[in-house]
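Coordinates from target.cif are shown below (mmCIF, C-alpha atoms (C1' of nucleotides)).
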data_data
#
loop_
_atom_site.label_atom_id
_atom_site.label_comp_id
_atom_site.auth_asym_id
_atom_site.auth_seq_id
_atom_site.Cartn_x
_atom_site.Cartn_y
_atom_site.Cartn_z
CA MET L 1 31.04 6.78 21.24
CA THR L 2 31.53 9.90 23.28
CA THR L 3 27.96 11.03 23.86
CA ALA L 4 24.25 10.61 23.31
CA ASP L 5 24.54 9.00 19.87
CA ASP L 6 21.96 11.26 18.46
CA ALA L 7 22.41 14.96 19.39
CA PRO L 8 23.53 17.12 16.52
CA PRO L 9 26.89 18.92 16.46
CA ALA L 10 26.52 21.89 18.79
CA ARG L 11 28.11 24.14 16.21
CA LEU L 12 25.04 23.84 14.02
CA LEU L 13 22.73 25.08 16.74
CA GLU L 14 24.38 28.46 16.78
CA LEU L 15 24.27 28.99 13.04
CA PRO L 16 21.32 31.11 11.90
CA THR L 17 21.43 29.46 8.48
CA TRP L 18 21.02 26.07 10.10
CA LEU L 19 18.15 27.19 12.31
CA ILE L 20 16.41 28.75 9.36
CA SER L 21 16.90 25.67 7.21
CA GLN L 22 15.58 23.42 9.91
CA THR L 23 12.60 25.63 10.55
CA SER L 24 11.98 25.69 6.85
CA VAL L 25 12.01 21.90 6.81
CA HIS L 26 9.34 21.77 9.48
CA ALA L 27 7.35 24.40 7.62
CA HIS L 28 7.61 22.39 4.44
CA ARG L 29 6.39 19.29 6.17
CA LEU L 30 3.40 21.06 7.67
CA LEU L 31 2.59 22.79 4.41
CA ALA L 32 2.86 19.60 2.40
CA GLU L 33 0.47 17.89 4.80
CA ALA L 34 -2.00 20.75 4.68
CA PHE L 35 -1.88 20.92 0.89
CA ALA L 36 -2.03 17.17 0.44
CA GLU L 37 -5.19 17.11 2.48
CA ALA L 38 -6.76 19.27 -0.20
CA GLY L 39 -5.07 17.34 -2.99
CA SER L 40 -2.74 20.14 -4.02
CA ARG L 41 0.85 21.30 -3.77
CA GLY L 42 2.63 24.57 -3.23
CA TYR L 43 2.74 25.40 -6.92
CA HIS L 44 -1.03 25.17 -7.15
CA TYR L 45 -1.56 27.48 -4.23
CA ARG L 46 0.89 30.04 -5.53
CA LEU L 47 -0.67 30.10 -8.97
CA LEU L 48 -4.17 30.41 -7.59
CA ALA L 49 -3.06 33.18 -5.27
CA ALA L 50 -1.56 35.11 -8.18
CA LEU L 51 -4.73 34.65 -10.21
CA VAL L 52 -7.05 35.63 -7.40
CA GLU L 53 -5.04 38.69 -6.51
CA TYR L 54 -4.16 40.01 -9.92
CA GLY L 55 -6.82 38.49 -12.11
CA PRO L 56 -6.38 36.64 -15.41
CA ALA L 57 -2.89 36.51 -16.85
CA SER L 58 -0.77 34.71 -19.40
CA GLN L 59 1.24 31.70 -18.32
CA ALA L 60 4.53 33.53 -18.70
CA THR L 61 3.29 36.34 -16.48
CA LEU L 62 2.11 33.83 -13.90
CA GLY L 63 5.54 32.30 -13.95
CA ARG L 64 7.15 35.65 -13.32
CA ARG L 65 4.77 36.55 -10.53
CA THR L 66 5.09 33.27 -8.70
CA GLY L 67 8.75 32.63 -9.40
CA ILE L 68 7.86 29.29 -10.98
CA ASP L 69 9.62 28.18 -14.13
CA ARG L 70 7.55 28.43 -17.32
CA SER L 71 7.72 24.69 -17.84
CA ASP L 72 6.57 23.92 -14.33
CA VAL L 73 3.73 26.39 -14.70
CA VAL L 74 2.46 24.32 -17.61
CA ALA L 75 2.32 21.14 -15.56
CA ALA L 76 0.70 22.77 -12.54
CA LEU L 77 -1.91 24.51 -14.71
CA ASN L 78 -2.67 21.20 -16.38
CA ASP L 79 -3.47 19.76 -12.96
CA LEU L 80 -5.64 22.73 -12.09
CA ALA L 81 -7.41 22.63 -15.44
CA ASP L 82 -8.12 18.91 -15.07
CA ARG L 83 -10.00 19.73 -11.90
CA ASP L 84 -11.75 22.71 -13.50
CA LEU L 85 -10.14 25.16 -11.13
CA ILE L 86 -8.76 27.29 -13.93
CA GLU L 87 -9.47 27.79 -17.62
CA ARG L 88 -7.17 28.52 -20.52
CA SER L 89 -8.38 30.59 -23.45
CA PRO L 90 -6.38 31.98 -26.35
CA ASP L 91 -5.56 35.67 -26.19
CA PRO L 92 -7.18 37.30 -29.24
CA SER L 93 -4.71 40.16 -29.18
CA ASP L 94 -1.65 37.91 -29.08
CA ARG L 95 -2.05 34.46 -30.45
CA ARG L 96 1.02 33.14 -28.65
CA ARG L 97 -0.59 33.66 -25.28
CA ASN L 98 -3.09 31.73 -23.23
CA ILE L 99 -5.21 33.77 -20.89
CA VAL L 100 -5.59 31.87 -17.65
CA THR L 101 -8.66 32.49 -15.51
CA VAL L 102 -9.74 31.11 -12.14
CA THR L 103 -13.12 29.47 -12.11
CA SER L 104 -15.43 29.95 -9.17
CA ALA L 105 -14.53 26.44 -8.08
CA GLY L 106 -10.94 27.61 -8.25
CA ARG L 107 -11.63 30.54 -5.95
CA GLU L 108 -13.38 28.23 -3.58
CA HIS L 109 -10.47 25.85 -3.63
CA TYR L 110 -8.07 28.70 -3.05
CA ARG L 111 -10.05 29.79 -0.03
CA ARG L 112 -9.88 26.30 1.38
CA LEU L 113 -6.13 26.06 0.84
CA ASP L 114 -5.64 29.48 2.34
CA THR L 115 -7.43 28.76 5.58
CA GLY L 116 -5.37 25.59 5.86
CA LEU L 117 -2.31 27.74 5.42
CA THR L 118 -3.35 30.09 8.16
CA GLY L 119 -3.62 27.13 10.47
CA VAL L 120 -0.12 26.06 9.58
CA GLN L 121 1.32 29.44 10.56
CA GLU L 122 -0.32 29.06 13.91
CA GLU L 123 1.01 25.56 14.33
CA LEU L 124 4.55 26.41 13.29
CA LEU L 125 4.91 29.47 15.48
CA ALA L 126 2.97 28.10 18.42
CA PRO L 127 5.71 28.82 20.98
CA LEU L 128 5.99 32.49 20.00
CA SER L 129 3.88 35.35 21.31
CA ALA L 130 1.98 37.57 18.90
CA ALA L 131 4.54 40.34 19.38
CA GLU L 132 7.37 37.93 18.66
CA ARG L 133 5.71 36.64 15.52
CA GLU L 134 5.29 40.17 14.35
CA GLN L 135 8.93 40.84 14.96
CA LEU L 136 10.03 37.64 13.26
CA VAL L 137 8.03 38.51 10.18
CA GLN L 138 9.43 41.98 10.18
CA MET L 139 13.03 40.79 10.44
CA LEU L 140 12.69 38.13 7.78
CA ALA L 141 11.02 40.59 5.44
CA ARG L 142 13.94 42.92 5.95
CA VAL L 143 16.42 40.18 5.19
CA LEU L 144 14.58 39.20 2.03
CA GLU L 145 14.29 42.78 0.94
CA HIS L 146 18.02 43.10 1.29
CA HIS L 147 18.65 40.06 -0.89
CA SER L 148 16.03 40.87 -3.47
CA GLY L 149 18.63 40.67 -6.22
CA ARG L 150 17.85 37.07 -7.17
CA THR L 151 15.78 33.84 -6.94
CA PRO L 152 12.25 33.37 -5.65
CA ARG L 153 10.89 29.90 -4.71
CA ALA L 154 9.12 27.12 -2.75
CA VAL L 155 6.12 27.52 -0.44
CA MET F 1 -2.22 42.20 -17.16
CA THR F 2 -3.32 44.09 -14.09
CA THR F 3 0.01 45.08 -12.54
CA ALA F 4 3.78 44.94 -12.56
CA ASP F 5 4.05 41.51 -14.21
CA ASP F 6 6.49 40.31 -11.69
CA ALA F 7 5.58 41.09 -8.05
CA PRO F 8 4.53 38.08 -6.03
CA PRO F 9 1.03 37.67 -4.57
CA ALA F 10 0.87 39.96 -1.55
CA ARG F 11 -0.68 37.21 0.51
CA LEU F 12 2.60 35.31 0.50
CA LEU F 13 4.49 38.20 1.99
CA GLU F 14 2.53 38.02 5.20
CA LEU F 15 2.92 34.27 5.70
CA PRO F 16 5.74 33.39 8.10
CA THR F 17 6.13 30.01 6.40
CA TRP F 18 6.72 31.73 3.10
CA LEU F 19 9.21 34.19 4.53
CA ILE F 20 11.07 31.38 6.22
CA SER F 21 11.11 29.27 3.07
CA GLN F 22 12.37 32.16 1.02
CA THR F 23 15.02 33.03 3.53
CA SER F 24 16.01 29.39 3.61
CA VAL F 25 16.37 29.44 -0.17
CA HIS F 26 18.75 32.36 0.02
CA ALA F 27 20.65 30.65 2.81
CA HIS F 28 20.89 27.51 0.72
CA ARG F 29 22.24 29.42 -2.22
CA LEU F 30 24.86 31.19 -0.15
CA LEU F 31 25.84 27.99 1.61
CA ALA F 32 26.07 26.02 -1.61
CA GLU F 33 28.34 28.67 -3.07
CA ALA F 34 30.55 28.76 0.01
CA PHE F 35 30.80 24.98 0.13
CA ALA F 36 31.34 24.61 -3.59
CA GLU F 37 34.25 26.97 -3.35
CA ALA F 38 35.89 24.42 -1.10
CA GLY F 39 34.67 21.51 -3.21
CA SER F 40 32.21 20.20 -0.66
CA ARG F 41 28.52 20.07 0.16
CA GLY F 42 26.40 20.38 3.27
CA TYR F 43 26.59 16.68 4.05
CA HIS F 44 30.36 16.83 4.15
CA TYR F 45 30.37 19.74 6.55
CA ARG F 46 27.84 18.14 8.84
CA LEU F 47 29.72 14.88 9.00
CA LEU F 48 33.02 16.59 9.66
CA ALA F 49 31.44 18.72 12.35
CA ALA F 50 30.06 15.65 14.09
CA LEU F 51 33.45 13.95 13.91
CA VAL F 52 35.38 16.96 15.12
CA GLU F 53 33.00 17.58 18.00
CA TYR F 54 32.35 14.08 19.20
CA GLY F 55 35.37 12.18 17.92
CA PRO F 56 35.43 8.91 15.96
CA ALA F 57 32.13 7.13 15.49
CA SER F 58 30.43 4.43 13.48
CA GLN F 59 28.61 5.36 10.31
CA ALA F 60 25.22 4.61 11.82
CA THR F 61 25.98 6.89 14.75
CA LEU F 62 27.10 9.61 12.38
CA GLY F 63 23.85 9.24 10.55
CA ARG F 64 21.88 9.66 13.74
CA ARG F 65 23.89 12.65 14.89
CA THR F 66 23.68 14.51 11.62
CA GLY F 67 20.19 13.45 10.62
CA ILE F 68 21.52 12.02 7.37
CA ASP F 69 20.21 8.73 6.06
CA ARG F 70 22.58 5.76 6.46
CA SER F 71 22.82 5.25 2.73
CA ASP F 72 23.66 8.88 2.09
CA VAL F 73 26.28 8.79 4.83
CA VAL F 74 28.03 6.06 2.85
CA ALA F 75 28.23 8.19 -0.28
CA ALA F 76 29.39 11.32 1.52
CA LEU F 77 32.02 9.41 3.47
CA ASN F 78 33.25 7.89 0.22
CA ASP F 79 33.83 11.41 -1.09
CA LEU F 80 35.62 12.42 2.07
CA ALA F 81 37.72 9.27 2.11
CA ASP F 82 38.74 9.78 -1.52
CA ARG F 83 40.21 13.12 -0.49
CA ASP F 84 41.83 11.63 2.61
CA LEU F 85 39.75 13.79 4.93
CA ILE F 86 38.47 10.81 6.91
CA GLU F 87 39.50 7.22 7.41
CA ARG F 88 37.45 4.09 7.88
CA SER F 89 38.77 1.26 9.99
CA PRO F 90 36.96 -1.86 11.15
CA ASP F 91 35.80 -1.83 14.76
CA PRO F 92 37.62 -4.72 16.45
CA SER F 93 34.91 -5.00 19.09
CA ASP F 94 32.05 -5.16 16.56
CA ARG F 95 32.86 -6.38 13.11
CA ARG F 96 29.71 -4.87 11.63
CA ARG F 97 30.94 -1.37 12.34
CA ASN F 98 33.39 0.93 10.66
CA ILE F 99 35.08 3.41 12.92
CA VAL F 100 35.29 6.71 11.10
CA THR F 101 38.06 9.14 12.04
CA VAL F 102 38.92 12.62 10.81
CA THR F 103 42.43 13.00 9.49
CA SER F 104 44.39 16.16 10.23
CA ALA F 105 43.73 17.22 6.64
CA GLY F 106 40.08 16.66 7.50
CA ARG F 107 40.26 18.93 10.51
CA GLU F 108 41.96 21.55 8.42
CA HIS F 109 39.28 21.26 5.77
CA TYR F 110 36.59 21.53 8.41
CA ARG F 111 38.16 24.72 9.71
CA ARG F 112 38.17 26.17 6.24
CA LEU F 113 34.52 25.27 5.64
CA ASP F 114 33.56 26.63 9.02
CA THR F 115 35.09 30.05 8.51
CA GLY F 116 33.31 30.19 5.17
CA LEU F 117 30.11 29.39 7.02
CA THR F 118 30.64 32.16 9.49
CA GLY F 119 30.96 34.56 6.60
CA VAL F 120 27.69 33.34 5.19
CA GLN F 121 25.83 34.09 8.43
CA GLU F 122 27.16 37.61 8.25
CA GLU F 123 26.13 37.96 4.64
CA LEU F 124 22.65 36.57 5.14
CA LEU F 125 21.77 38.63 8.19
CA ALA F 126 23.52 41.78 7.04
CA PRO F 127 20.48 44.04 7.51
CA LEU F 128 19.95 42.95 11.12
CA SER F 129 21.61 44.40 14.19
CA ALA F 130 23.51 42.15 16.56
CA ALA F 131 20.66 42.30 19.07
CA GLU F 132 18.16 41.35 16.39
CA ARG F 133 20.26 38.42 15.22
CA GLU F 134 20.45 37.23 18.76
CA GLN F 135 16.72 37.43 19.08
CA LEU F 136 16.13 35.72 15.77
CA VAL F 137 18.33 32.83 16.80
CA GLN F 138 16.59 32.61 20.11
CA MET F 139 13.12 32.55 18.57
CA LEU F 140 13.99 30.00 15.92
CA ALA F 141 15.63 27.77 18.51
CA ARG F 142 12.47 27.95 20.54
CA VAL F 143 10.35 27.00 17.54
CA LEU F 144 12.60 24.07 16.70
CA GLU F 145 12.64 22.91 20.28
CA HIS F 146 8.87 22.90 20.22
CA HIS F 147 8.77 20.75 17.10
CA SER F 148 11.54 18.41 18.16
CA GLY F 149 9.26 15.43 17.71
CA ARG F 150 10.45 14.66 14.19
CA THR F 151 12.83 15.14 11.20
CA PRO F 152 16.21 16.85 11.11
CA ARG F 153 17.85 18.03 7.83
CA ALA F 154 19.67 20.15 5.24
CA VAL F 155 22.37 22.76 5.92
"C1'" DC H 1 21.01 -22.74 19.39
"C1'" DG H 2 17.53 -19.50 17.13
"C1'" DG H 3 15.27 -15.40 16.35
"C1'" DC H 4 15.74 -10.47 16.18
"C1'" DA H 5 18.06 -6.06 15.79
"C1'" DT H 6 21.92 -3.46 13.88
"C1'" DC H 7 25.45 -2.28 10.51
"C1'" DG H 8 27.31 -1.04 5.91
"C1'" DT H 9 25.96 -0.92 1.29
"C1'" DG H 10 23.52 -0.70 -3.17
"C1'" DG H 11 19.54 0.43 -5.90
"C1'" DG H 12 16.07 2.92 -6.59
"C1'" DA H 13 11.85 6.59 -5.84
"C1'" DT H 14 10.27 11.11 -5.04
"C1'" DG H 15 9.70 16.21 -5.38
"C1'" DA H 16 11.29 20.78 -6.29
"C1'" DA H 17 13.97 23.62 -9.11
"C1'" DC H 18 16.33 24.49 -13.34
"C1'" DC H 19 17.79 24.45 -18.24
"C1'" DA H 20 17.77 23.54 -23.45
"C1'" DA H 21 15.37 23.50 -27.49
"C1'" DC H 22 11.46 24.35 -30.70
"C1'" DA H 23 7.74 26.00 -33.46
"C1'" DA H 24 4.49 29.61 -33.67
"C1'" DA H 25 3.89 34.26 -33.29
"C1'" DT H 26 5.04 39.16 -32.40
"C1'" DG H 27 7.33 43.60 -32.70
"C1'" DG H 28 10.87 46.70 -34.19
"C1'" DA H 29 14.59 48.58 -37.07
"C1'" DC H 30 15.55 49.83 -41.12
"C1'" DG T 1 7.27 45.88 -46.19
"C1'" DT T 2 10.95 42.67 -44.99
"C1'" DC T 3 14.23 40.51 -41.74
"C1'" DC T 4 15.82 39.63 -36.94
"C1'" DA T 5 15.56 39.28 -32.18
"C1'" DT T 6 12.33 38.21 -28.63
"C1'" DT T 7 8.41 36.14 -26.36
"C1'" DT T 8 5.28 32.26 -25.50
"C1'" DG T 9 3.69 27.57 -24.58
"C1'" DT T 10 5.38 23.09 -24.38
"C1'" DT T 11 8.25 18.80 -24.17
"C1'" DG T 12 11.88 16.50 -22.19
"C1'" DG T 13 15.54 15.95 -19.44
"C1'" DT T 14 19.00 17.12 -15.35
"C1'" DT T 15 20.35 18.02 -10.78
"C1'" DC T 16 20.13 17.86 -5.82
"C1'" DA T 17 18.54 16.51 -1.32
"C1'" DT T 18 15.87 13.37 0.95
"C1'" DC T 19 13.92 9.00 1.94
"C1'" DC T 20 12.81 3.94 1.66
"C1'" DC T 21 13.63 -1.04 0.83
"C1'" DA T 22 16.29 -5.05 0.64
"C1'" DC T 23 20.41 -7.68 1.30
"C1'" DG T 24 24.16 -10.23 3.57
"C1'" DA T 25 27.04 -10.13 7.53
"C1'" DT T 26 27.32 -9.74 12.21
"C1'" DG T 27 26.07 -9.28 17.12
"C1'" DC T 28 23.02 -9.96 21.19
"C1'" DC T 29 19.51 -12.12 24.31
"C1'" DG T 30 17.03 -15.70 26.10
#

Any chance you could put this one into structure tokens?
Amino acid sequence: MTTADDAPPARLLELPTWLISQTSVHAHRLLAEAFAEAGSRGYHYRLLAALVEYGPASQATLGRRTGIDRSDVVAALNDLADRDLIERSPDPSDRRRNIVTVTSAGREHYRRLDTGLTGVQEELLAPLSAAEREQLVQMLARVLEHHSGRTPRAV
Amino acid sequence: MTTADDAPPARLLELPTWLISQTSVHAHRLLAEAFAEAGSRGYHYRLLAALVEYGPASQATLGRRTGIDRSDVVAALNDLADRDLIERSPDPSDRRRNIVTVTSAGREHYRRLDTGLTGVQEELLAPLSAAEREQLVQMLARVLEHHSGRTPRAV
DNA sequence: CGGCATCGTGGGATGAACCAACAAATGGAC
DNA sequence: GTCCATTTGTTGGTTCATCCCACGATGCCG
């Protein structure tokens, strides 16, 4: 036993990837709490956001927009439909498709989730000034833009 | 179909938590690739790093230092022991404990993983200047410090 | 001595992401 | 117009990281 017995390897603390992962873990925890409070999960929020922003769409399109696998979209939409937050109706012009629509309750629910989300941003970035947050967002966006070749994912 | 058919909800792109999660996903992918190339995973690197930095330790201590659950430490150490990268020996002064030691092959392996890791940082933050990287690290460290109440995790 | 905490270990449980396969339906190429 | 490749919704199953619980063995404190 050389030192404190907890205290992570110092090497990790200088690795951006580690810092980002750790921050992401905290973010996940906060988000999960916020969503759970409203009885939802990240998938639900993302789907609702896509529907609210772009309007009705087929499930496959929703999957593409949100970066969620087709099969997972099915499950999440089932949840949302059970709570009458969305509706599925067959597409008359293409009988393979379901047209998914947000209900007004769905919009309401989305609004609730979204304000919770805004609170989480505040909580996560508490120690940063507004200018710093702005800069952080800008840098991360640049990084993501640069890697936009592959893979979307988790809220 | 209102728009591009892929294209994520714009709301997400302004949420720091989302940007961080996404960046973390990319980091994970790059790290997994780098580690896989050397036939290892994040747990292995973290454990080796703790051993190299702090010297021999019990499994429980390793768990605390790396933030890995005791039971998962067992599995990861089994892997490392199978490849003769670490050794377990009973602690004479406390027969509950195993003293875990890196072998020289282990140190070598750690060095290899670590240079791979350094490359990944470069790759991930490619679009940022040195000054920006420095600032990013500084901001993230500050955020983590602020939330140091609970939960460490994943490389 | 006796109760309580700690250690290594095994056996799950969970949640997010991913992949394979299928039947029904569509859309082109010829 | 008829075939073939593709798309869609859906089921079912896999992987990976994390976390929790229980157990027997051991150590420590009063």

Can you list, as a PyMOL selection string, the residues that the PyMOL selection byres ((chain H) within 12 of (chain L)) selects here?
-> chain H and resi 15-20+23-27

Within 7 Å of chain L, which residues of chain F are there when counting only C-alpha atoms? Please give them as a PyMOL selection string.
-> chain F and resi 1-2+5-9+16-24+27+49-50+53-55+57+61+64-66+121+125+127+136-137+140-144+146+152-155

Go ahead and dump the residues you just picked, C-alpha atoms, as a short mmCIF file (atom, residue, chain, number, x, y, z; two decimals), keeping the file's coordinate frame.
data_model
loop_
_atom_site.label_atom_id
_atom_site.label_comp_id
_atom_site.auth_asym_id
_atom_site.auth_seq_id
_atom_site.Cartn_x
_atom_site.Cartn_y
_atom_site.Cartn_z
CA MET F 1 -2.22 42.20 -17.16
CA THR F 2 -3.32 44.09 -14.09
CA ASP F 5 4.05 41.51 -14.21
CA ASP F 6 6.49 40.31 -11.69
CA ALA F 7 5.58 41.09 -8.05
CA PRO F 8 4.53 38.08 -6.03
CA PRO F 9 1.03 37.67 -4.57
CA PRO F 16 5.74 33.39 8.10
CA THR F 17 6.13 30.01 6.40
CA TRP F 18 6.72 31.73 3.10
CA LEU F 19 9.21 34.19 4.53
CA ILE F 20 11.07 31.38 6.22
CA SER F 21 11.11 29.27 3.07
CA GLN F 22 12.37 32.16 1.02
CA THR F 23 15.02 33.03 3.53
CA SER F 24 16.01 29.39 3.61
CA ALA F 27 20.65 30.65 2.81
CA ALA F 49 31.44 18.72 12.35
CA ALA F 50 30.06 15.65 14.09
CA GLU F 53 33.00 17.58 18.00
CA TYR F 54 32.35 14.08 19.20
CA GLY F 55 35.37 12.18 17.92
CA ALA F 57 32.13 7.13 15.49
CA THR F 61 25.98 6.89 14.75
CA ARG F 64 21.88 9.66 13.74
CA ARG F 65 23.89 12.65 14.89
CA THR F 66 23.68 14.51 11.62
CA GLN F 121 25.83 34.09 8.43
CA LEU F 125 21.77 38.63 8.19
CA PRO F 127 20.48 44.04 7.51
CA LEU F 136 16.13 35.72 15.77
CA VAL F 137 18.33 32.83 16.80
CA LEU F 140 13.99 30.00 15.92
CA ALA F 141 15.63 27.77 18.51
CA ARG F 142 12.47 27.95 20.54
CA VAL F 143 10.35 27.00 17.54
CA LEU F 144 12.60 24.07 16.70
CA HIS F 146 8.87 22.90 20.22
CA PRO F 152 16.21 16.85 11.11
CA ARG F 153 17.85 18.03 7.83
CA ALA F 154 19.67 20.15 5.24
CA VAL F 155 22.37 22.76 5.92
#

Name every residue that the PyMOL selection byres ((chain F and resi 81) around 12) selects in this structure, writing the answer as a PDB file with C-alpha atoms, keeping the file's coordinate frame with chains first and numbers rising.
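Okay, selection_29.pdb is ready:
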ATOM      1  CA  HIS F  44      30.360  16.830   4.150  1.00  0.00           C
ATOM      2  CA  LEU F  47      29.720  14.880   9.000  1.00  0.00           C
ATOM      3  CA  LEU F  48      33.020  16.590   9.660  1.00  0.00           C
ATOM      4  CA  VAL F  73      26.280   8.790   4.830  1.00  0.00           C
ATOM      5  CA  VAL F  74      28.030   6.060   2.850  1.00  0.00           C
ATOM      6  CA  ALA F  75      28.230   8.190  -0.280  1.00  0.00           C
ATOM      7  CA  ALA F  76      29.390  11.320   1.520  1.00  0.00           C
ATOM      8  CA  LEU F  77      32.020   9.410   3.470  1.00  0.00           C
ATOM      9  CA  ASN F  78      33.250   7.890   0.220  1.00  0.00           C
ATOM     10  CA  ASP F  79      33.830  11.410  -1.090  1.00  0.00           C
ATOM     11  CA  LEU F  80      35.620  12.420   2.070  1.00  0.00           C
ATOM     12  CA  ASP F  82      38.740   9.780  -1.520  1.00  0.00           C
ATOM     13  CA  ARG F  83      40.210  13.120  -0.490  1.00  0.00           C
ATOM     14  CA  ASP F  84      41.830  11.630   2.610  1.00  0.00           C
ATOM     15  CA  LEU F  85      39.750  13.790   4.930  1.00  0.00           C
ATOM     16  CA  ILE F  86      38.470  10.810   6.910  1.00  0.00           C
ATOM     17  CA  GLU F  87      39.500   7.220   7.410  1.00  0.00           C
ATOM     18  CA  ARG F  88      37.450   4.090   7.880  1.00  0.00           C
ATOM     19  CA  SER F  89      38.770   1.260   9.990  1.00  0.00           C
ATOM     20  CA  VAL F 100      35.290   6.710  11.100  1.00  0.00           C
ATOM     21  CA  THR F 101      38.060   9.140  12.040  1.00  0.00           C
ATOM     22  CA  VAL F 102      38.920  12.620  10.810  1.00  0.00           C
ATOM     23  CA  THR F 103      42.430  13.000   9.490  1.00  0.00           C
ATOM     24  CA  ALA F 105      43.730  17.220   6.640  1.00  0.00           C
ATOM     25  CA  GLY F 106      40.080  16.660   7.500  1.00  0.00           C
TER      26      GLY F 106
END

Tell me the residues of chain T close to chain F, meaning within 8 Å using only C-alpha atoms (C1' of nucleotides), as a ChimeraX atom specification.
-> /T:17,19,25-27

Limited to C-alpha atoms (C1' of nucleotides), could you put the picked residues into a file as a compact mmCIF listing (two decimals), keeping the file's coordinate frame?
# COMPACT_ATOMS: atom_id res chain seq x y z
C1' DA T 17 18.54 16.51 -1.32
C1' DC T 19 13.92 9.00 1.94
C1' DA T 25 27.04 -10.13 7.53
C1' DT T 26 27.32 -9.74 12.21
C1' DG T 27 26.07 -9.28 17.12

Between atom CA of F:Glu37 and atom C1' of T:DT14, distance in Å (one decimal) = 21.8 Å

Atom C1' of T:DC29 and atom C1' of H:DT6 are how many Å apart?
->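 Computed distance, atom C1' of T:DC29 to atom C1' of H:DT6, equals 13.8 Å.
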
Non-local contacts of H:DC22 (12 Å; all atoms listed in the file; under 3 positions in same chain excluded) as an mmCIF file with C-alpha atoms (C1' of nucleotides), keeping the file's coordinate frame:
data_model
loop_
_atom_site.group_PDB
_atom_site.id
_atom_site.type_symbol
_atom_site.label_atom_id
_atom_site.label_comp_id
_atom_site.auth_asym_id
_atom_site.auth_seq_id
_atom_site.Cartn_x
_atom_site.Cartn_y
_atom_site.Cartn_z
ATOM 1 C "C1'" DT T 8 5.280 32.260 -25.500
ATOM 2 C "C1'" DG T 9 3.690 27.570 -24.580
ATOM 3 C "C1'" DT T 10 5.380 23.090 -24.380
ATOM 4 C "C1'" DT T 11 8.250 18.800 -24.170
ATOM 5 C "C1'" DG T 12 11.880 16.500 -22.190
#

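Separating atom CA of L:Phe35 from atom C1' of H:DA13 is a distance of 21.0 Å.
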